[in-house]
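Colleague: First, the structure itself, so that you have it in front of you.
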Amino acid sequence: MSLKARAACATALTTILCAAPAAAENVPVVFGTNWLAQAEHGGFYQSVADGTYAACGLDVTIQPGGPQVNNRALMIAGKVDYHMGGNLLEAFSAAQEGIPIVAVAAAFQKEPQVIITHPGKAKTFEDLKNLEKILIGDQGYASFYQWMKAAYGFTDEQREVYTFNPAPFIANENWGMQGYLSSEPYMVAKETGWEPDVFLIADAGYSTYSTLIETMADTVASKPEQVTCFVEGSIKGWYNYLYNDNSAANEMIKKDNPDITDEAIAYAIDKMKSAGIVDSGDTETLGIGAMKEEHVKDFFDKMVSAGVVSGDIDWTATINTSFVNKGVGMDLKPKM
């Protein structure tokens with residue numbers, strides 16, 4: 001170093017210029033969701049808003065999905081790094097098609113799919129067989145309704161096509177309707193003034209994980225530290241979103257989805273907590289995001305029995321549990 005440079009380093013003003021190079025900027029990562037921004041995506045928004053992802057080296061951009069957006073296809077094309085999957089059926093389908101997508105965490109322990117009825121029309125899930133009709137969409141008919149038929153004896157004759165218009169359900173008190181825990185029940189109550197009865201199919205045995213964090217197998221193999229950062233950051237985000245200050249995350253959600261209201265967000269958070277969608281069962285000992293192979297196999301066997309998936313799928317290739325089940329973030333949950 002020259003004498004002139006040494007002199008410069010001796011001054012308080014320029015000492016910082018002679019220090020070690022600054023740390024590299026955080027790695028840009030894109031996380032594509034599967035629908036418009038909502039409270040059900042809150043844990044991910046939380047970790048962007050409060051700097052949890054940044055703290056372990058990632059600059060995460062959340063790219064909302066929607067009717068005209070297929071972020072899963074963009075991930076396969078290399079334009080999205082991580083994707084919010086639906087449930088394990090999508091993972092099984094990818095394996096069947098030879099697409100190397102891997103689920104590395106389950107943000108939801110329970111599928112938020114429900115069947116709703118008029119008040120007092122059923123006391124148990126099995127009682128739903130006594131309804132005159134149940135509105136079920138085509139996707140639901142090909143998946144969970146096949147399980148309902150195999151496990152409980154529902155029939156094709158009882159199914160009426162659901163076009164995502166609740167009017168036929170509202171008009172027929174002996175009908176049921178599929179829905180999403182925080183959507184259709186809220187919508188019906190707002191429109192009618194009465195609260196529908198809600199039956200969560202997960203509590204009746206439909207045991208898939210949901211809102212999976214997916215990435216490509218090559219990302220898992222080549223960037224395990226990045227995957228760890230994203231998964232553990234997301235887990236911490238969910239604890240903070242559900243149990244601590246989530247105001248900044250909710251502002252981000254409303255910015256990405258101006259049509260959502262504070263009331264709808266609060267309703268969804270309450271339902272996720274009361275139904276144990278995110279935090280229940282195995283998460284009580286393993287932490288949010290938990291996945292167990294025996295749980296996946298149980299659901300796979302049910303879907304094979306119901307004729308929904310082929311028994312020759314290698315379901316073990318669809319998940320990687322090495323990034324979860326470590327109790328990460330459990331200290332962020334307030335003691336009850």
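Starting from 1 in every chain, residues are counted up; chains themselves are A, B, ... following the order of the structure tokens, and ligands are numbered from 1 as listed.
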Residues at most 12 Å from Thr228 of chain A, counting only C-alpha atoms, excluding those fewer than 2 positions away in the same chain, as a list of chain:residue names?
Modeller: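 Skipping anything fewer than 2 positions along the chain leaves A:Tyr53, A:Cys56, A:Gly57, A:Leu58, A:Val104, A:Ala105, A:Ile213, A:Thr215, A:Thr219, A:Val220, A:Ala221, A:Ser222, A:Lys223, A:Pro224, A:Glu225, A:Gln226, A:Phe230, A:Val231, A:Glu232, A:Gly233, A:Ser234, A:Ile235, A:Asn320, A:Thr321, A:Ser322, A:Phe323, A:Val324, A:Lys326, A:Val328.
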Colleague: From the options A:Pro258, A:Gly137, A:Gly179, A:Pro196, which residue's atoms come nearest to Ala37 of chain A, counting only C-alpha atoms?
Modeller: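 Result for the nearest residue to Ala37 of chain A: A:Pro258.
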Colleague: Which is closer to Phe108 of chain A than all the others in A:Val296, A:Ala122, A:Leu212, A:Ala275, using only C-alpha atoms?
Modeller: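 Smallest separation from Phe108 of chain A among the options: A:Leu212.
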Colleague: For segment 24-29 of chain A, list every protein, DNA or RNA residue within 9 Å, evaluated using only C-alpha atoms, and leave out those in the same chain fewer than 2 positions away; present the list as a PyMOL selection string.
Modeller: chain A and resi 21-22+31+54-62+80-82+226
Colleague: Please save N, CA, C and O atoms of the selected residues as a PDB file, in the first residue's frame.
Modeller:
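Result saved to again.pdb:
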```pdb
ATOM      1  N   PRO A  21     -14.034  -5.732   2.042  1.00  0.00           N
ATOM      2  CA  PRO A  21     -15.164  -5.454   1.144  1.00  0.00           C
ATOM      3  C   PRO A  21     -16.502  -5.769   1.809  1.00  0.00           C
ATOM      4  O   PRO A  21     -16.621  -6.707   2.595  1.00  0.00           O
ATOM      5  N   ALA A  22     -17.507  -4.988   1.497  1.00  0.00           N
ATOM      6  CA  ALA A  22     -18.827  -5.202   2.075  1.00  0.00           C
ATOM      7  C   ALA A  22     -19.398  -6.538   1.603  1.00  0.00           C
ATOM      8  O   ALA A  22     -19.055  -7.035   0.540  1.00  0.00           O
ATOM      9  N   PHE A  31     -40.765 -16.047  -5.541  1.00  0.00           N
ATOM     10  CA  PHE A  31     -41.712 -17.028  -5.016  1.00  0.00           C
ATOM     11  C   PHE A  31     -43.062 -16.769  -5.652  1.00  0.00           C
ATOM     12  O   PHE A  31     -43.670 -15.720  -5.464  1.00  0.00           O
ATOM     13  N   ALA A  54     -34.347 -11.697   4.345  1.00  0.00           N
ATOM     14  CA  ALA A  54     -33.121 -10.916   4.131  1.00  0.00           C
ATOM     15  C   ALA A  54     -32.054 -11.279   5.152  1.00  0.00           C
ATOM     16  O   ALA A  54     -30.856 -11.276   4.849  1.00  0.00           O
ATOM     17  N   ALA A  55     -32.484 -11.619   6.366  1.00  0.00           N
ATOM     18  CA  ALA A  55     -31.527 -11.921   7.431  1.00  0.00           C
ATOM     19  C   ALA A  55     -30.688 -13.148   7.121  1.00  0.00           C
ATOM     20  O   ALA A  55     -29.571 -13.286   7.637  1.00  0.00           O
ATOM     21  N   CYS A  56     -31.202 -14.048   6.279  1.00  0.00           N
ATOM     22  CA  CYS A  56     -30.393 -15.225   5.930  1.00  0.00           C
ATOM     23  C   CYS A  56     -29.908 -15.182   4.489  1.00  0.00           C
ATOM     24  O   CYS A  56     -29.427 -16.190   3.965  1.00  0.00           O
ATOM     25  N   GLY A  57     -30.041 -14.019   3.843  1.00  0.00           N
ATOM     26  CA  GLY A  57     -29.363 -13.835   2.562  1.00  0.00           C
ATOM     27  C   GLY A  57     -30.201 -13.840   1.316  1.00  0.00           C
ATOM     28  O   GLY A  57     -29.663 -13.952   0.213  1.00  0.00           O
ATOM     29  N   LEU A  58     -31.533 -13.715   1.457  1.00  0.00           N
ATOM     30  CA  LEU A  58     -32.388 -13.746   0.275  1.00  0.00           C
ATOM     31  C   LEU A  58     -33.173 -12.451   0.105  1.00  0.00           C
ATOM     32  O   LEU A  58     -33.693 -11.895   1.069  1.00  0.00           O
ATOM     33  N   ASP A  59     -33.250 -12.008  -1.125  1.00  0.00           N
ATOM     34  CA  ASP A  59     -34.095 -10.869  -1.499  1.00  0.00           C
ATOM     35  C   ASP A  59     -35.302 -11.454  -2.226  1.00  0.00           C
ATOM     36  O   ASP A  59     -35.265 -11.679  -3.431  1.00  0.00           O
ATOM     37  N   VAL A  60     -36.368 -11.733  -1.475  1.00  0.00           N
ATOM     38  CA  VAL A  60     -37.512 -12.478  -2.004  1.00  0.00           C
ATOM     39  C   VAL A  60     -38.551 -11.532  -2.594  1.00  0.00           C
ATOM     40  O   VAL A  60     -38.992 -10.580  -1.944  1.00  0.00           O
ATOM     41  N   THR A  61     -38.947 -11.821  -3.816  1.00  0.00           N
ATOM     42  CA  THR A  61     -40.072 -11.146  -4.461  1.00  0.00           C
ATOM     43  C   THR A  61     -41.222 -12.129  -4.544  1.00  0.00           C
ATOM     44  O   THR A  61     -41.067 -13.246  -5.042  1.00  0.00           O
ATOM     45  N   ILE A  62     -42.396 -11.732  -4.033  1.00  0.00           N
ATOM     46  CA  ILE A  62     -43.584 -12.571  -4.136  1.00  0.00           C
ATOM     47  C   ILE A  62     -44.340 -12.194  -5.408  1.00  0.00           C
ATOM     48  O   ILE A  62     -44.700 -11.039  -5.606  1.00  0.00           O
ATOM     49  N   VAL A  80     -39.267 -18.786 -12.104  1.00  0.00           N
ATOM     50  CA  VAL A  80     -39.665 -18.673 -10.704  1.00  0.00           C
ATOM     51  C   VAL A  80     -38.845 -19.701  -9.929  1.00  0.00           C
ATOM     52  O   VAL A  80     -38.637 -20.820 -10.404  1.00  0.00           O
ATOM     53  N   ASP A  81     -38.365 -19.315  -8.753  1.00  0.00           N
ATOM     54  CA  ASP A  81     -37.486 -20.201  -7.984  1.00  0.00           C
ATOM     55  C   ASP A  81     -38.255 -21.165  -7.074  1.00  0.00           C
ATOM     56  O   ASP A  81     -37.877 -22.330  -6.928  1.00  0.00           O
ATOM     57  N   TYR A  82     -39.311 -20.655  -6.461  1.00  0.00           N
ATOM     58  CA  TYR A  82     -40.132 -21.459  -5.552  1.00  0.00           C
ATOM     59  C   TYR A  82     -41.602 -21.191  -5.874  1.00  0.00           C
ATOM     60  O   TYR A  82     -41.951 -20.108  -6.342  1.00  0.00           O
ATOM     61  N   GLN A 226     -29.708 -22.227   0.126  1.00  0.00           N
ATOM     62  CA  GLN A 226     -30.775 -21.303  -0.255  1.00  0.00           C
ATOM     63  C   GLN A 226     -32.138 -21.879   0.104  1.00  0.00           C
ATOM     64  O   GLN A 226     -33.011 -21.163   0.609  1.00  0.00           O
TER      65      GLN A 226
END
```
Colleague: Would you compute the distance between atom CA of Ala264 of chain A and atom CA of Gln109 of chain A? Give it in Å to one decimal.
Modeller: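 Computing it gives 21.6 Å between the two atoms.
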Colleague: Between A:Phe92, A:Val114, A:Ala290, A:Ile76, which one has atoms that come closest to Met148 of chain A, using only C-alpha atoms?
Modeller: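 So, comparing all the options, the nearest one is A:Val114.
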Colleague: How would you write, as a short mmCIF file (atom, residue, chain, number, x, y, z; two decimals) with C-alpha atoms, in the first residue's frame, the set of residues in segment 111-220 of chain A that DSSP gives as alpha helix (DSSP H)?
Modeller:
```cif
data_model
loop_
_atom_site.label_atom_id
_atom_site.label_comp_id
_atom_site.auth_asym_id
_atom_site.auth_seq_id
_atom_site.Cartn_x
_atom_site.Cartn_y
_atom_site.Cartn_z
CA ASP A 138 -65.17 -30.43 -11.79
CA GLN A 139 -61.76 -30.34 -10.11
CA GLY A 140 -63.28 -31.27 -6.77
CA TYR A 141 -65.27 -34.07 -8.38
CA ALA A 142 -62.08 -35.55 -9.85
CA PHE A 144 -61.78 -35.14 -3.07
CA TYR A 145 -65.29 -36.18 -4.12
CA GLN A 146 -63.90 -39.50 -5.38
CA TRP A 147 -62.47 -39.99 -1.90
CA MET A 148 -65.82 -39.02 -0.34
CA LYS A 149 -67.48 -41.70 -2.46
CA ALA A 150 -64.90 -44.35 -1.55
CA ALA A 151 -64.64 -43.51 2.15
CA TYR A 152 -68.21 -42.51 3.00
CA ALA A 167 -77.18 -18.82 -5.47
CA PRO A 168 -78.46 -22.41 -5.99
CA PHE A 169 -77.12 -23.39 -2.57
CA ILE A 170 -78.65 -20.39 -0.86
CA ALA A 171 -82.02 -21.08 -2.49
CA GLU A 184 -67.55 -19.44 0.73
CA PRO A 185 -68.68 -19.43 4.39
CA TYR A 186 -67.71 -15.77 4.66
CA MET A 187 -69.37 -14.93 1.34
CA VAL A 188 -72.64 -16.71 2.22
CA ALA A 189 -72.81 -15.07 5.64
CA LYS A 190 -72.27 -11.63 4.13
CA GLU A 191 -74.96 -12.21 1.52
CA THR A 192 -77.62 -13.90 3.65
CA ALA A 217 -35.12 -31.08 -7.76
CA ASP A 218 -32.06 -29.39 -9.24
CA THR A 219 -32.49 -26.44 -6.85
CA VAL A 220 -32.56 -28.82 -3.89
#
```
